[in-house]
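Here is the file query-v4.pdb (PDB, C-alpha atoms, pLDDT in the B column).
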ATOM      1  CA  MET Q  16     166.621  90.428 144.665  1.00 49.00           C
ATOM      2  CA  THR Q  17     167.756  93.565 142.852  1.00 52.00           C
ATOM      3  CA  VAL Q  18     167.132  93.560 139.124  1.00 53.00           C
ATOM      4  CA  LYS Q  19     169.928  95.066 137.030  1.00 51.00           C
ATOM      5  CA  ARG Q  20     169.105  97.417 134.241  1.00 48.00           C
ATOM      6  CA  TRP Q  21     169.994  96.054 130.809  1.00 47.00           C
ATOM      7  CA  GLU Q  22     172.625  98.754 130.207  1.00 50.00           C
ATOM      8  CA  ASP Q  23     174.314  97.931 133.539  1.00 52.00           C
ATOM      9  CA  MET Q  24     174.780  94.226 132.756  1.00 64.00           C
ATOM     10  CA  ASP Q  25     178.113  92.776 131.751  1.00 89.00           C
ATOM     11  CA  GLU Q  26     178.225  90.056 129.080  1.00 93.00           C
ATOM     12  CA  TRP Q  27     177.881  87.216 131.615  1.00 94.00           C
ATOM     13  CA  ASP Q  28     174.905  88.889 133.292  1.00 94.00           C
ATOM     14  CA  SER Q  29     173.360  89.422 129.877  1.00 93.00           C
ATOM     15  CA  LEU Q  30     173.859  85.767 128.898  1.00 95.00           C
ATOM     16  CA  ALA Q  31     172.360  84.550 132.186  1.00 95.00           C
ATOM     17  CA  HIS Q  32     169.406  86.921 131.772  1.00 93.00           C
ATOM     18  CA  ARG Q  33     168.706  85.732 128.200  1.00 93.00           C
ATOM     19  CA  LEU Q  34     168.851  82.115 129.297  1.00 93.00           C
ATOM     20  CA  ARG Q  35     166.554  82.677 132.284  1.00 92.00           C
ATOM     21  CA  TRP Q  36     164.059  84.204 129.862  1.00 91.00           C
ATOM     22  CA  ALA Q  37     164.403  81.799 126.889  1.00 90.00           C
ATOM     23  CA  GLY Q  38     165.554  78.636 128.687  1.00 89.00           C
ATOM     24  CA  HIS Q  39     168.323  77.680 126.291  1.00 91.00           C
ATOM     25  CA  GLU Q  40     170.658  78.973 123.604  1.00 94.00           C
ATOM     26  CA  ALA Q  41     173.177  77.390 121.249  1.00 95.00           C
ATOM     27  CA  CYS Q  42     176.526  79.100 120.804  1.00 95.00           C
ATOM     28  CA  ASP Q  43     179.997  78.248 119.609  1.00 95.00           C
ATOM     29  CA  VAL Q  44     182.837  77.659 122.040  1.00 96.00           C
ATOM     30  CA  GLU Q  45     184.729  80.599 120.543  1.00 96.00           C
ATOM     31  CA  SER Q  46     182.087  83.012 121.885  1.00 96.00           C
ATOM     32  CA  LEU Q  47     182.529  81.588 125.376  1.00 97.00           C
ATOM     33  CA  VAL Q  48     186.314  81.803 125.060  1.00 96.00           C
ATOM     34  CA  HIS Q  49     186.017  85.512 124.286  1.00 94.00           C
ATOM     35  CA  LEU Q  50     183.630  85.986 127.232  1.00 94.00           C
ATOM     36  CA  VAL Q  51     186.390  84.884 129.621  1.00 94.00           C
ATOM     37  CA  GLY Q  52     188.869  87.151 127.867  1.00 94.00           C
ATOM     38  CA  ALA Q  53     190.932  84.403 126.260  1.00 94.00           C
ATOM     39  CA  GLN Q  54     192.055  83.858 122.681  1.00 93.00           C
ATOM     40  CA  LYS Q  55     192.162  80.063 122.479  1.00 93.00           C
ATOM     41  CA  ALA Q  56     190.141  77.212 124.000  1.00 93.00           C
ATOM     42  CA  GLY Q  57     192.744  75.261 125.939  1.00 94.00           C
ATOM     43  CA  ALA Q  58     192.035  72.988 128.906  1.00 95.00           C
ATOM     44  CA  ARG Q  59     192.480  75.770 131.494  1.00 96.00           C
ATOM     45  CA  VAL Q  60     190.300  78.184 129.532  1.00 96.00           C
ATOM     46  CA  ILE Q  61     187.564  75.564 129.236  1.00 96.00           C
ATOM     47  CA  GLU Q  62     187.795  74.993 132.984  1.00 96.00           C
ATOM     48  CA  ARG Q  63     187.386  78.744 133.606  1.00 96.00           C
ATOM     49  CA  ILE Q  64     184.377  78.843 131.266  1.00 97.00           C
ATOM     50  CA  GLU Q  65     182.740  75.907 133.047  1.00 97.00           C
ATOM     51  CA  GLU Q  66     183.337  77.570 136.430  1.00 96.00           C
ATOM     52  CA  LYS Q  67     181.868  80.852 135.190  1.00 96.00           C
ATOM     53  CA  LEU Q  68     178.809  79.071 133.742  1.00 97.00           C
ATOM     54  CA  ALA Q  69     178.286  77.276 137.057  1.00 96.00           C
ATOM     55  CA  LYS Q  70     178.544  80.599 138.940  1.00 96.00           C
ATOM     56  CA  TYR Q  71     175.649  81.939 136.852  1.00 96.00           C
ATOM     57  CA  ASN Q  72     173.662  78.691 137.247  1.00 95.00           C
ATOM     58  CA  ILE Q  73     174.029  77.916 133.550  1.00 96.00           C
ATOM     59  CA  GLY Q  74     174.232  74.303 132.452  1.00 93.00           C
ATOM     60  CA  HIS Q  75     175.775  73.078 129.218  1.00 93.00           C
ATOM     61  CA  LEU Q  76     175.625  70.135 126.849  1.00 91.00           C
ATOM     62  CA  PRO Q  77     177.835  68.342 126.127  1.00 90.00           C
ATOM     63  CA  THR Q  78     178.666  67.914 129.801  1.00 88.00           C
ATOM     64  CA  LYS Q  79     182.356  68.545 129.068  1.00 92.00           C
ATOM     65  CA  LEU Q  80     182.900  71.561 126.837  1.00 95.00           C
ATOM     66  CA  PRO Q  81     185.086  70.824 123.803  1.00 94.00           C
ATOM     67  CA  THR Q  82     188.343  72.672 123.127  1.00 94.00           C
ATOM     68  CA  ASP Q  83     187.465  73.002 119.433  1.00 94.00           C
ATOM     69  CA  SER Q  84     186.345  76.625 119.223  1.00 92.00           C
ATOM     70  CA  THR Q  85     184.140  75.965 116.164  1.00 93.00           C
ATOM     71  CA  ARG Q  86     181.969  73.431 118.018  1.00 95.00           C
ATOM     72  CA  ARG Q  87     178.457  74.485 119.016  1.00 95.00           C
ATOM     73  CA  VAL Q  88     177.232  73.800 122.526  1.00 96.00           C
ATOM     74  CA  LEU Q  89     173.832  74.122 124.146  1.00 94.00           C
ATOM     75  CA  LEU Q  90     173.591  76.395 127.176  1.00 95.00           C
ATOM     76  CA  TYR Q  91     170.558  76.404 129.450  1.00 92.00           C
ATOM     77  CA  SER Q  92     169.414  78.170 132.586  1.00 93.00           C
ATOM     78  CA  LYS Q  93     168.883  75.878 135.527  1.00 91.00           C
ATOM     79  CA  GLU Q  94     166.479  78.545 136.820  1.00 89.00           C
ATOM     80  CA  HIS Q  95     164.131  78.350 133.808  1.00 86.00           C
ATOM     81  CA  GLU Q  96     160.844  76.659 134.687  1.00 82.00           C
ATOM     82  CA  GLY Q  97     160.423  74.950 131.320  1.00 84.00           C
ATOM     83  CA  VAL Q  98     163.072  73.710 128.961  1.00 84.00           C
ATOM     84  CA  GLY Q  99     165.976  74.790 131.178  1.00 85.00           C
ATOM     85  CA  PHE Q 100     164.632  72.674 134.029  1.00 83.00           C
ATOM     86  CA  MET Q 101     164.146  69.705 131.714  1.00 85.00           C
ATOM     87  CA  LEU Q 102     167.653  69.987 130.315  1.00 87.00           C
ATOM     88  CA  SER Q 103     169.089  70.151 133.822  1.00 86.00           C
ATOM     89  CA  LEU Q 104     167.262  66.900 134.652  1.00 85.00           C
ATOM     90  CA  VAL Q 105     168.566  65.248 131.469  1.00 86.00           C
ATOM     91  CA  HIS Q 106     172.076  66.454 132.312  1.00 84.00           C
ATOM     92  CA  GLU Q 107     171.766  65.165 135.869  1.00 83.00           C
ATOM     93  CA  LEU Q 108     170.729  61.724 134.603  1.00 83.00           C
ATOM     94  CA  ALA Q 109     173.487  61.684 131.986  1.00 81.00           C
ATOM     95  CA  ILE Q 110     176.263  62.204 134.524  1.00 81.00           C
ATOM     96  CA  GLN Q 111     174.899  60.028 137.336  1.00 80.00           C
ATOM     97  CA  ASP Q 112     176.534  56.745 138.136  1.00 76.00           C
ATOM     98  CA  PRO Q 113     174.066  53.959 137.211  1.00 74.00           C
ATOM     99  CA  ALA Q 114     174.313  52.649 140.793  1.00 74.00           C
ATOM    100  CA  ASP Q 115     173.080  55.993 142.191  1.00 72.00           C
ATOM    101  CA  GLU Q 116     169.455  56.408 143.178  1.00 68.00           C
ATOM    102  CA  GLN Q 117     167.800  57.932 140.097  1.00 66.00           C
ATOM    103  CA  ASN Q 118     164.100  57.365 140.696  1.00 77.00           C
ATOM    104  CA  GLY Q 119     163.387  60.936 141.815  1.00 80.00           C
ATOM    105  CA  THR Q 120     165.105  62.509 138.816  1.00 79.00           C
ATOM    106  CA  VAL Q 121     163.513  60.055 136.391  1.00 81.00           C
ATOM    107  CA  HIS Q 122     160.106  60.692 137.951  1.00 84.00           C
ATOM    108  CA  ARG Q 123     160.435  64.505 137.689  1.00 82.00           C
ATOM    109  CA  LEU Q 124     161.597  64.289 134.073  1.00 82.00           C
ATOM    110  CA  ASP Q 125     158.858  61.809 133.170  1.00 85.00           C
ATOM    111  CA  ARG Q 126     156.161  64.060 134.697  1.00 85.00           C
ATOM    112  CA  ARG Q 127     157.446  67.113 132.803  1.00 82.00           C
ATOM    113  CA  LEU Q 128     157.614  65.192 129.513  1.00 82.00           C
ATOM    114  CA  MET Q 129     154.068  63.910 130.045  1.00 85.00           C
ATOM    115  CA  GLU Q 130     152.884  67.494 130.578  1.00 84.00           C
ATOM    116  CA  ILE Q 131     154.519  68.591 127.326  1.00 78.00           C
ATOM    117  CA  THR Q 132     153.115  65.613 125.427  1.00 82.00           C
ATOM    118  CA  SER Q 133     149.656  66.309 126.808  1.00 85.00           C
ATOM    119  CA  MET Q 134     149.834  69.974 125.780  1.00 80.00           C
ATOM    120  CA  SER Q 135     151.057  69.017 122.292  1.00 78.00           C
ATOM    121  CA  LEU Q 136     148.284  66.468 121.833  1.00 80.00           C
ATOM    122  CA  HIS Q 137     145.701  68.962 123.089  1.00 77.00           C
ATOM    123  CA  ALA Q 138     146.966  71.631 120.673  1.00 78.00           C
ATOM    124  CA  ALA Q 139     146.986  69.168 117.760  1.00 76.00           C
ATOM    125  CA  ARG Q 140     143.462  67.997 118.599  1.00 76.00           C
ATOM    126  CA  GLY Q 141     142.266  71.610 118.767  1.00 74.00           C
ATOM    127  CA  ALA Q 142     143.833  72.400 115.385  1.00 71.00           C
ATOM    128  CA  ALA Q 143     142.260  69.297 113.820  1.00 67.00           C
ATOM    129  CA  GLU Q 144     138.828  70.165 115.231  1.00 70.00           C
ATOM    130  CA  GLY Q 145     139.152  73.715 113.935  1.00 66.00           C
ATOM    131  CA  GLN Q 146     139.814  72.404 110.430  1.00 61.00           C
ATOM    132  CA  THR Q 147     136.728  70.190 110.394  1.00 55.00           C
ATOM    133  CA  ARG Q 148     134.337  72.867 111.746  1.00 55.00           C
ATOM    134  CA  GLY Q 149     134.855  75.345 108.965  1.00 52.00           C
ATOM    135  CA  CYS Q 150     134.202  79.088 109.239  1.00 47.00           C
TER
END
Now that the file is in, can you turn its structure into structure tokens?
Amino acid sequence: MTVKRWEDMDEWDSLAHRLRWAGHEACDVESLVHLVGAQKAGARVIERIEEKLAKYNIGHLPTKLPTDSTRRVLLYSKEHEGVGFMLSLVHELAIQDPADEQNGTVHRLDRRLMEITSMSLHAARGAAEGQTRGC
């Protein structure tokens, strides 16, 4: 895979790059409208935005982007190993039909959440032990 230089990236490449690095980012719909070269967030513009996001493997919450340009939405990279991956699992569960087989998705999300909880508890325990030991 060829890596683009920062100065050679267009705005969509730049957004995808930031999200792959950070995992997620909140932005207003108006910013996305301008990225597709439109002035107003109508139904067709929103559809174009959603297609462009999908092309760059970027997920979004809510699952249907609003047409109110002042609304904030959460974008995430489906390629991010941490929070982006978790958000993609949450999104997948949110849009699945309840009759669909969900055990695999639930299991993957549960495992990732347990890892995060374990790391948080370990960090909190370490901080508490550091306070009781003194200098």
Q.
Starting from the PyMOL selection byres ((chain Q and resi 43) around 7), expand the selection into actual residues of this file and give them as a list in words.
A.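 This file, filtered by the PyMOL selection byres ((chain Q and resi 43) around 7), leaves Cys42, Val44, Glu45, Ser46, Ser84, Thr85, Arg86, Arg87 and Val88 of chain Q.
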Q | Nearest candidate to Q:Arg123 (options Q:Gly141, Q:Leu104, Q:Ile64, Q:Leu90; using all atoms listed in the file) | A |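 Result for the nearest residue to Q:Arg123: Q:Leu104.
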Q: Run the PyMOL selection byres ((chain Q and resi 32) around 12) on the file and write out the hits as a PyMOL selection string.
A: chain Q and resi 18-21+24-31+33-40+71-73+91-95
(Q) I need the residue nearest Q:Val60 from this list: Q:Asn118, Q:Ser103, Q:Thr82, Q:Ser133. Use all atoms listed in the file for the distance. (A) Q:Thr82
Q) Hey, can you check how far atom CA of Q:Lys67 sits from atom CA of Q:Asp115? A)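 These atoms are spaced 27.3 Å apart.
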Q: Using atom CA of Q:His106 and atom CA of Q:Thr78 as the two end points, give the distance in Å to one decimal.
A: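 Between atom CA of Q:His106 and atom CA of Q:Thr78 the gap works out to 7.2 Å.
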Q. Which value, in Å to one decimal, gives the distance between atom CA of Q:His49 and atom CA of Q:Leu102?
A.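 Value for the atom CA of Q:His49-atom CA of Q:Leu102 distance: 24.8 Å.
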Q: Excluding Q:His122 and any residue of its chain fewer than 6 positions from it, enumerate the residues within 12 Å of it, using only C-alpha atoms, and give them as a VMD selection string.
A: chain Q and resid 101 104 to 105 108 116 128 to 129
(Q) Applying 9 Å and only C-alpha atoms, which residues near Q:Lys79 remain after dropping the ones on its own chain fewer than 4 positions away? List them as a list in words. (A)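 Near Q:Lys79, the qualifying residues are Ile61, Glu65 and His75 of chain Q.
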